[in-house]
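Participant: Quick one, run.pdb (PDB, C-alpha atoms):
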ATOM      1  CA  MET A 260     -21.076  25.889 -15.088  1.00  0.00           C
ATOM      2  CA  SER A 261     -19.953  26.537 -11.532  1.00  0.00           C
ATOM      3  CA  LEU A 262     -17.063  24.635 -10.000  1.00  0.00           C
ATOM      4  CA  ALA A 263     -19.357  23.049  -7.385  1.00  0.00           C
ATOM      5  CA  VAL A 264     -21.812  21.749 -10.020  1.00  0.00           C
ATOM      6  CA  SER A 265     -18.908  20.502 -12.134  1.00  0.00           C
ATOM      7  CA  SER A 266     -17.489  18.597  -9.141  1.00  0.00           C
ATOM      8  CA  VAL A 267     -20.846  16.964  -8.430  1.00  0.00           C
ATOM      9  CA  ILE A 268     -21.280  15.895 -12.064  1.00  0.00           C
ATOM     10  CA  GLN A 269     -17.725  14.554 -12.157  1.00  0.00           C
ATOM     11  CA  GLY A 270     -18.402  12.620  -8.933  1.00  0.00           C
ATOM     12  CA  LEU A 271     -21.434  10.944 -10.506  1.00  0.00           C
ATOM     13  CA  PHE A 272     -19.437   9.587 -13.419  1.00  0.00           C
ATOM     14  CA  MET A 273     -16.031   9.112 -11.845  1.00  0.00           C
ATOM     15  CA  SER A 274     -16.062   6.899  -8.781  1.00  0.00           C
ATOM     16  CA  HIS A 275     -12.335   7.040  -8.089  1.00  0.00           C
ATOM     17  CA  ALA A 276      -9.105   8.752  -9.038  1.00  0.00           C
ATOM     18  CA  ILE A 277      -5.661   7.209  -9.347  1.00  0.00           C
ATOM     19  CA  HIS A 278      -2.391   9.043  -8.799  1.00  0.00           C
ATOM     20  CA  GLU A 279       0.764   7.181  -9.835  1.00  0.00           C
ATOM     21  CA  ARG A 280       4.167   7.782  -8.303  1.00  0.00           C
ATOM     22  CA  GLU A 281       7.363   5.801  -7.889  1.00  0.00           C
ATOM     23  CA  ARG A 282       9.586   5.076  -4.896  1.00  0.00           C
ATOM     24  CA  ASP A 283      12.792   3.030  -5.108  1.00  0.00           C
ATOM     25  CA  GLY A 284      11.641   1.675  -8.476  1.00  0.00           C
ATOM     26  CA  ILE A 285       8.304   0.475  -7.071  1.00  0.00           C
ATOM     27  CA  VAL A 286       5.129   1.946  -8.582  1.00  0.00           C
ATOM     28  CA  ILE A 287       2.672   3.261  -5.991  1.00  0.00           C
ATOM     29  CA  LEU A 288      -0.924   3.830  -7.008  1.00  0.00           C
ATOM     30  CA  ASP A 289      -2.743   6.156  -4.633  1.00  0.00           C
ATOM     31  CA  VAL A 290      -6.426   5.402  -5.146  1.00  0.00           C
ATOM     32  CA  LYS A 291      -8.985   7.896  -3.892  1.00  0.00           C
ATOM     33  CA  GLY A 292     -12.757   7.625  -3.732  1.00  0.00           C
ATOM     34  CA  ARG A 293     -15.174   4.765  -4.242  1.00  0.00           C
ATOM     35  CA  LEU A 294     -13.680   1.693  -5.894  1.00  0.00           C
ATOM     36  CA  ALA A 295     -16.607   0.161  -7.737  1.00  0.00           C
ATOM     37  CA  LEU A 296     -15.962  -1.491 -11.067  1.00  0.00           C
ATOM     38  CA  GLY A 297     -18.263  -2.168 -13.959  1.00  0.00           C
ATOM     39  CA  PRO A 298     -18.460  -1.821 -17.737  1.00  0.00           C
ATOM     40  CA  ASP A 299     -18.206   1.979 -17.619  1.00  0.00           C
ATOM     41  CA  ASP A 300     -15.440   2.125 -15.017  1.00  0.00           C
ATOM     42  CA  SER A 301     -12.352   0.287 -16.159  1.00  0.00           C
ATOM     43  CA  ASP A 302      -9.758   2.913 -15.196  1.00  0.00           C
ATOM     44  CA  LEU A 303      -8.051   0.732 -12.571  1.00  0.00           C
ATOM     45  CA  ARG A 304      -8.001  -2.278 -14.928  1.00  0.00           C
ATOM     46  CA  GLN A 305      -6.469  -0.178 -17.710  1.00  0.00           C
ATOM     47  CA  HIS A 306      -3.935   1.364 -15.348  1.00  0.00           C
ATOM     48  CA  LEU A 307      -2.763  -2.017 -14.029  1.00  0.00           C
ATOM     49  CA  GLN A 308      -2.685  -3.525 -17.526  1.00  0.00           C
ATOM     50  CA  THR A 309      -0.603  -0.599 -18.807  1.00  0.00           C
ATOM     51  CA  LEU A 310       1.889  -1.108 -15.980  1.00  0.00           C
ATOM     52  CA  LEU A 311       2.229  -4.813 -16.817  1.00  0.00           C
ATOM     53  CA  GLU A 312       2.708  -4.080 -20.511  1.00  0.00           C
ATOM     54  CA  ALA A 313       5.367  -1.478 -19.665  1.00  0.00           C
ATOM     55  CA  GLY A 314       7.285  -4.086 -17.646  1.00  0.00           C
ATOM     56  CA  LYS A 315       6.542  -2.445 -14.299  1.00  0.00           C
ATOM     57  CA  LYS A 316       5.910  -5.597 -12.299  1.00  0.00           C
ATOM     58  CA  ASN A 317       6.082  -4.375  -8.698  1.00  0.00           C
ATOM     59  CA  VAL A 318       3.118  -2.310  -7.581  1.00  0.00           C
ATOM     60  CA  ILE A 319       1.768  -1.017  -4.289  1.00  0.00           C
ATOM     61  CA  THR A 320      -1.927  -0.108  -4.336  1.00  0.00           C
ATOM     62  CA  ASN A 321      -2.547   2.449  -1.605  1.00  0.00           C
ATOM     63  CA  LEU A 322      -6.165   2.212  -0.427  1.00  0.00           C
ATOM     64  CA  HIS A 323      -5.859   4.789   2.362  1.00  0.00           C
ATOM     65  CA  GLN A 324      -8.289   7.225   0.722  1.00  0.00           C
ATOM     66  CA  VAL A 325     -10.735   4.632  -0.631  1.00  0.00           C
ATOM     67  CA  SER A 326     -14.176   5.229   0.855  1.00  0.00           C
ATOM     68  CA  SER A 327     -15.776   1.971  -0.324  1.00  0.00           C
ATOM     69  CA  ILE A 328     -14.870  -1.057  -2.394  1.00  0.00           C
ATOM     70  CA  ASP A 329     -17.187  -3.529  -4.054  1.00  0.00           C
ATOM     71  CA  PRO A 330     -16.657  -7.265  -4.683  1.00  0.00           C
ATOM     72  CA  ALA A 331     -15.925  -6.653  -8.381  1.00  0.00           C
ATOM     73  CA  ALA A 332     -13.017  -4.374  -7.466  1.00  0.00           C
ATOM     74  CA  ILE A 333     -11.705  -6.973  -5.033  1.00  0.00           C
ATOM     75  CA  GLY A 334     -11.942  -9.572  -7.787  1.00  0.00           C
ATOM     76  CA  LEU A 335     -10.031  -7.280 -10.135  1.00  0.00           C
ATOM     77  CA  LEU A 336      -7.247  -6.766  -7.595  1.00  0.00           C
ATOM     78  CA  THR A 337      -7.077 -10.526  -7.024  1.00  0.00           C
ATOM     79  CA  GLU A 338      -6.885 -11.163 -10.775  1.00  0.00           C
ATOM     80  CA  PHE A 339      -4.090  -8.653 -11.230  1.00  0.00           C
ATOM     81  CA  ALA A 340      -2.183  -9.907  -8.179  1.00  0.00           C
ATOM     82  CA  GLU A 341      -1.984 -13.246  -9.989  1.00  0.00           C
ATOM     83  CA  GLN A 342      -0.956 -11.599 -13.275  1.00  0.00           C
ATOM     84  CA  PHE A 343       1.805  -9.603 -11.592  1.00  0.00           C
ATOM     85  CA  HIS A 344       2.977 -12.778  -9.814  1.00  0.00           C
ATOM     86  CA  ASN A 345       3.034 -14.699 -13.129  1.00  0.00           C
ATOM     87  CA  ALA A 346       5.102 -11.877 -14.642  1.00  0.00           C
ATOM     88  CA  GLY A 347       7.677 -12.233 -11.853  1.00  0.00           C
ATOM     89  CA  GLY A 348       6.474  -9.303  -9.763  1.00  0.00           C
ATOM     90  CA  ARG A 349       4.023  -8.528  -6.994  1.00  0.00           C
ATOM     91  CA  LEU A 350       0.936  -6.469  -6.313  1.00  0.00           C
ATOM     92  CA  VAL A 351       0.555  -5.554  -2.657  1.00  0.00           C
ATOM     93  CA  LEU A 352      -1.961  -3.470  -0.752  1.00  0.00           C
ATOM     94  CA  LEU A 353      -1.192  -0.548   1.495  1.00  0.00           C
ATOM     95  CA  ASN A 354      -3.632   0.639   4.154  1.00  0.00           C
ATOM     96  CA  PRO A 355      -6.622  -1.561   3.338  1.00  0.00           C
ATOM     97  CA  ALA A 356      -9.393  -0.675   5.767  1.00  0.00           C
ATOM     98  CA  ARG A 357     -10.932  -3.800   7.265  1.00  0.00           C
ATOM     99  CA  ASP A 358     -14.461  -2.425   7.031  1.00  0.00           C
ATOM    100  CA  LEU A 359     -14.180  -1.711   3.293  1.00  0.00           C
ATOM    101  CA  ALA A 360     -13.923  -5.281   2.106  1.00  0.00           C
ATOM    102  CA  GLY A 361     -16.284  -6.861   4.618  1.00  0.00           C
ATOM    103  CA  GLU A 362     -16.476 -10.631   4.308  1.00  0.00           C
ATOM    104  CA  ALA A 363     -15.712 -10.592   0.562  1.00  0.00           C
ATOM    105  CA  LEU A 364     -11.965 -11.044   1.002  1.00  0.00           C
ATOM    106  CA  ASP A 365      -9.553 -11.959   3.736  1.00  0.00           C
ATOM    107  CA  LEU A 366      -6.889  -9.434   2.786  1.00  0.00           C
ATOM    108  CA  ASP A 367      -4.232 -10.925   5.032  1.00  0.00           C
ATOM    109  CA  THR A 368      -4.218 -14.270   3.212  1.00  0.00           C
ATOM    110  CA  THR A 369      -4.930 -13.155  -0.359  1.00  0.00           C
ATOM    111  CA  PHE A 370      -2.657 -10.130  -0.570  1.00  0.00           C
ATOM    112  CA  PRO A 371       0.491  -9.040   1.163  1.00  0.00           C
ATOM    113  CA  THR A 372      -0.778  -6.023   3.091  1.00  0.00           C
ATOM    114  CA  TYR A 373       1.036  -3.223   4.854  1.00  0.00           C
ATOM    115  CA  THR A 374       0.075  -0.270   7.006  1.00  0.00           C
ATOM    116  CA  ASP A 375       3.363   1.603   6.500  1.00  0.00           C
ATOM    117  CA  GLU A 376       4.566   2.708   3.060  1.00  0.00           C
ATOM    118  CA  GLN A 377       8.263   2.210   3.849  1.00  0.00           C
ATOM    119  CA  ASP A 378       7.549  -1.345   5.036  1.00  0.00           C
ATOM    120  CA  ALA A 379       5.638  -2.001   1.805  1.00  0.00           C
ATOM    121  CA  VAL A 380       8.547  -0.740  -0.314  1.00  0.00           C
ATOM    122  CA  ASN A 381      11.070  -2.709   1.765  1.00  0.00           C
ATOM    123  CA  GLY A 382       8.941  -5.823   1.218  1.00  0.00           C
ATOM    124  CA  PHE A 383      10.138  -5.843  -2.393  1.00  0.00           C
ATOM    125  CA  PHE A 384      13.766  -5.989  -1.242  1.00  0.00           C
ATOM    126  CA  PRO A 385      14.170  -9.058   1.000  1.00  0.00           C
ATOM    127  CA  ASP A 386      17.899  -8.420   1.536  1.00  0.00           C
ATOM    128  CA  ARG A 387      17.408  -4.794   2.526  1.00  0.00           C
ATOM    129  CA  LYS A 388      18.489  -4.169   6.082  1.00  0.00           C
ATOM    130  CA  VAL A 389      16.282  -1.704   7.874  1.00  0.00           C
ATOM    131  CA  PRO A 390      18.089   0.053  10.710  1.00  0.00           C
ATOM    132  CA  HIS A 391      16.558  -0.618  14.097  1.00  0.00           C
ATOM    133  CA  TYR A 392      16.500   2.181  16.596  1.00  0.00           C
ATOM    134  CA  ASP A 393      15.834   1.483  20.235  1.00  0.00           C
ATOM    135  CA  VAL A 394      14.305   4.656  21.647  1.00  0.00           C
ATOM    136  CA  LEU A 395      14.866   3.511  25.233  1.00  0.00           C
ATOM    137  CA  GLU A 396      18.607   3.007  24.643  1.00  0.00           C
ATOM    138  CA  PHE A 397      18.798   6.442  22.995  1.00  0.00           C
ATOM    139  CA  VAL A 398      17.048   8.141  25.934  1.00  0.00           C
ATOM    140  CA  GLU A 399      19.218   6.322  28.480  1.00  0.00           C
ATOM    141  CA  GLU A 400      22.348   7.368  26.598  1.00  0.00           C
ATOM    142  CA  GLU A 401      21.164  10.985  26.565  1.00  0.00           C
ATOM    143  CA  VAL A 402      20.359  10.919  30.292  1.00  0.00           C
ATOM    144  CA  HIS A 403      23.431   8.916  31.346  1.00  0.00           C
ATOM    145  CA  PRO A 404      26.149   9.356  28.719  1.00  0.00           C
ATOM    146  CA  HIS A 405      29.156   7.033  29.293  1.00  0.00           C
ATOM    147  CA  SER A 406      27.300   4.544  31.480  1.00  0.00           C
ATOM    148  CA  GLU A 407      26.447   0.975  30.565  1.00  0.00           C
ATOM    149  CA  PRO A 408      22.860   0.493  29.346  1.00  0.00           C
ATOM    150  CA  SER A 409      20.683  -1.050  32.053  1.00  0.00           C
ATOM    151  CA  GLY A 410      20.953  -4.814  32.282  1.00  0.00           C
ATOM    152  CA  LYS A 411      24.283  -4.866  30.457  1.00  0.00           C
ATOM    153  CA  ALA A 412      26.641  -3.885  33.265  1.00  0.00           C
ATOM    154  CA  GLY A 413      29.209  -6.452  34.273  1.00  0.00           C
ATOM    155  CA  SER A 414      28.907  -8.119  37.658  1.00  0.00           C
ATOM    156  CA  ALA A 415      31.656  -8.093  40.225  1.00  0.00           C
ATOM    157  CA  SER A 416      33.005 -11.473  41.313  1.00  0.00           C
TER
END
Write out the structure in this file as structure tokens.

Facilitator:
Amino acid sequence: MSLAVSSVIQGLFMSHAIHERERDGIVILDVKGRLALGPDDSDLRQHLQTLLEAGKKNVITNLHQVSSIDPAAIGLLTEFAEQFHNAGGRLVLLNPARDLAGEALDLDTTFPTYTDEQDAVNGFFPDRKVPHYDVLEFVEEEVHPHSEPSGKAGSAS
């Protein structure tokens, strides 16, 4: 069987793929494809359940490469968000496209959502200080080294 035919057949039976990785002790699930759940497609459910059973209670679900999501998948994510919360952890969403969920779920109120992976990871560490860089101050310092930043110079009396 050719690779192209094999890919098409796999696409008919496998609506999504999940890649698991870890960053700062937080599990990140990169989901790719169509997220439609039913009796024959319980991969996401099994993956999340396995994480809970393994004691991995903090999970980021990256939806950046999800092409569509159905109400059953949204319901599953909602169910597991509650289970992770009850276990003392959190399930958050990264890069949920507004047009994927439609009216089925207001992602901002149901799930903590992020558009930046580092922000999502930092969200699990409330005491973590994220350095703030002011680009304007940096540029002014490069252009005028040894001068006071604008608006901060002392006034003569």

Participant: Ile285 of chain A: which residues within 9 Å, counting all atoms listed in the file, same-chain residues fewer than 4 positions away excluded, as number ranges by chain?

Facilitator: A: 280-281, 315-319, 380, 383

Participant: Could you tell me which residues the PyMOL selection byres ((chain A and resi 307) around 12) returns for this structure, as JSON, numbers by chain?

Facilitator: {"A": [277, 279, 286, 287, 288, 301, 302, 303, 304, 305, 306, 308, 309, 310, 311, 312, 313, 314, 315, 316, 317, 318, 319, 320, 335, 336, 337, 338, 339, 340, 341, 342, 343, 349, 350]}

Participant: Give me, please, the distance in Å between atom CA of Lys291 of chain A and atom CA of Leu322 of chain A, quoted to one decimal.

Facilitator: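 That distance, rounded to one decimal, is 7.2 Å.
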
Participant: To one decimal place in Å, what is the distance between atom CA of Ala332 of chain A and atom CA of Phe384 of chain A?

Facilitator: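 Straight-line distance from atom CA of Ala332 of chain A to atom CA of Phe384 of chain A works out to 27.5 Å.
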
Participant: Rounded to one decimal place, report the atom CA of Pro330 of chain A-atom CA of Asn354 of chain A distance in Å.

Facilitator: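 Those two atoms sit 17.6 Å apart.
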
Participant: With all atoms listed in the file as the counted atoms, please give the residues lying no more than 7 Å from Ser326 of chain A, apart from itself and same-chain residues fewer than 2 positions off, as a ChimeraX atom specification.

Facilitator: /A:292-293,324

Participant: Build an axis-aligned box that encloses every atom of segment 303-315 of chain A listed in the file, pad it by 8 Å on each side, and report its centre and edge lengths in Å to one decimal, as JSON.

Facilitator:
{"center_x": -0.4, "center_y": -1.7, "center_z": -16.5, "size_x": 31.3, "size_y": 22.2, "size_z": 23.9}

Participant: Is it possible to dump segment 273-327 of chain A as a PDB file, in the first residue's frame, including just C-alpha atoms?

Facilitator:
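This is the output file result15.pdb:
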ATOM      1  CA  MET A 273      -7.898   8.591  13.464  1.00  0.00           C
ATOM      2  CA  SER A 274      -9.349  12.056  13.886  1.00  0.00           C
ATOM      3  CA  HIS A 275      -6.546  13.458  16.022  1.00  0.00           C
ATOM      4  CA  ALA A 276      -3.068  12.794  17.335  1.00  0.00           C
ATOM      5  CA  ILE A 277      -1.671  13.645  20.750  1.00  0.00           C
ATOM      6  CA  HIS A 278       1.973  14.365  21.500  1.00  0.00           C
ATOM      7  CA  GLU A 279       2.915  14.555  25.184  1.00  0.00           C
ATOM      8  CA  ARG A 280       5.833  16.557  26.513  1.00  0.00           C
ATOM      9  CA  GLU A 281       6.772  18.152  29.813  1.00  0.00           C
ATOM     10  CA  ARG A 282       7.972  21.630  30.754  1.00  0.00           C
ATOM     11  CA  ASP A 283       8.851  22.656  34.316  1.00  0.00           C
ATOM     12  CA  GLY A 284       6.968  19.607  35.602  1.00  0.00           C
ATOM     13  CA  ILE A 285       3.783  20.540  33.721  1.00  0.00           C
ATOM     14  CA  VAL A 286       2.467  18.054  31.150  1.00  0.00           C
ATOM     15  CA  ILE A 287       1.701  19.619  27.766  1.00  0.00           C
ATOM     16  CA  LEU A 288      -0.527  17.749  25.351  1.00  0.00           C
ATOM     17  CA  ASP A 289      -0.140  18.977  21.787  1.00  0.00           C
ATOM     18  CA  VAL A 290      -3.329  17.914  20.030  1.00  0.00           C
ATOM     19  CA  LYS A 291      -3.397  17.886  16.243  1.00  0.00           C
ATOM     20  CA  GLY A 292      -6.293  17.309  13.876  1.00  0.00           C
ATOM     21  CA  ARG A 293     -10.034  17.080  14.363  1.00  0.00           C
ATOM     22  CA  LEU A 294     -11.147  16.662  17.967  1.00  0.00           C
ATOM     23  CA  ALA A 295     -14.379  14.717  17.680  1.00  0.00           C
ATOM     24  CA  LEU A 296     -15.177  12.164  20.340  1.00  0.00           C
ATOM     25  CA  GLY A 297     -17.401   9.137  20.252  1.00  0.00           C
ATOM     26  CA  PRO A 298     -17.433   5.451  21.169  1.00  0.00           C
ATOM     27  CA  ASP A 299     -14.609   4.603  18.754  1.00  0.00           C
ATOM     28  CA  ASP A 300     -12.429   7.596  19.604  1.00  0.00           C
ATOM     29  CA  SER A 301     -11.521   7.667  23.263  1.00  0.00           C
ATOM     30  CA  ASP A 302      -7.800   8.422  22.896  1.00  0.00           C
ATOM     31  CA  LEU A 303      -7.994  11.834  24.595  1.00  0.00           C
ATOM     32  CA  ARG A 304     -10.128  10.431  27.441  1.00  0.00           C
ATOM     33  CA  GLN A 305      -7.665   7.580  27.992  1.00  0.00           C
ATOM     34  CA  HIS A 306      -4.691   9.926  27.835  1.00  0.00           C
ATOM     35  CA  LEU A 307      -6.147  12.317  30.426  1.00  0.00           C
ATOM     36  CA  GLN A 308      -7.259   9.447  32.672  1.00  0.00           C
ATOM     37  CA  THR A 309      -3.775   7.905  32.525  1.00  0.00           C
ATOM     38  CA  LEU A 310      -2.238  11.226  33.556  1.00  0.00           C
ATOM     39  CA  LEU A 311      -4.592  11.499  36.544  1.00  0.00           C
ATOM     40  CA  GLU A 312      -3.867   7.932  37.621  1.00  0.00           C
ATOM     41  CA  ALA A 313      -0.120   8.597  37.353  1.00  0.00           C
ATOM     42  CA  GLY A 314      -0.479  11.597  39.683  1.00  0.00           C
ATOM     43  CA  LYS A 315       0.240  14.149  36.959  1.00  0.00           C
ATOM     44  CA  LYS A 316      -2.332  16.736  37.972  1.00  0.00           C
ATOM     45  CA  ASN A 317      -1.236  19.833  36.048  1.00  0.00           C
ATOM     46  CA  VAL A 318      -1.898  19.704  32.328  1.00  0.00           C
ATOM     47  CA  ILE A 319      -1.858  22.168  29.454  1.00  0.00           C
ATOM     48  CA  THR A 320      -3.888  21.099  26.418  1.00  0.00           C
ATOM     49  CA  ASN A 321      -2.466  22.853  23.371  1.00  0.00           C
ATOM     50  CA  LEU A 322      -5.192  23.257  20.738  1.00  0.00           C
ATOM     51  CA  HIS A 323      -3.088  25.257  18.271  1.00  0.00           C
ATOM     52  CA  GLN A 324      -3.203  22.550  15.590  1.00  0.00           C
ATOM     53  CA  VAL A 325      -6.808  21.451  16.164  1.00  0.00           C
ATOM     54  CA  SER A 326      -8.818  21.960  12.986  1.00  0.00           C
ATOM     55  CA  SER A 327     -12.270  21.381  14.507  1.00  0.00           C
TER      56      SER A 327
END
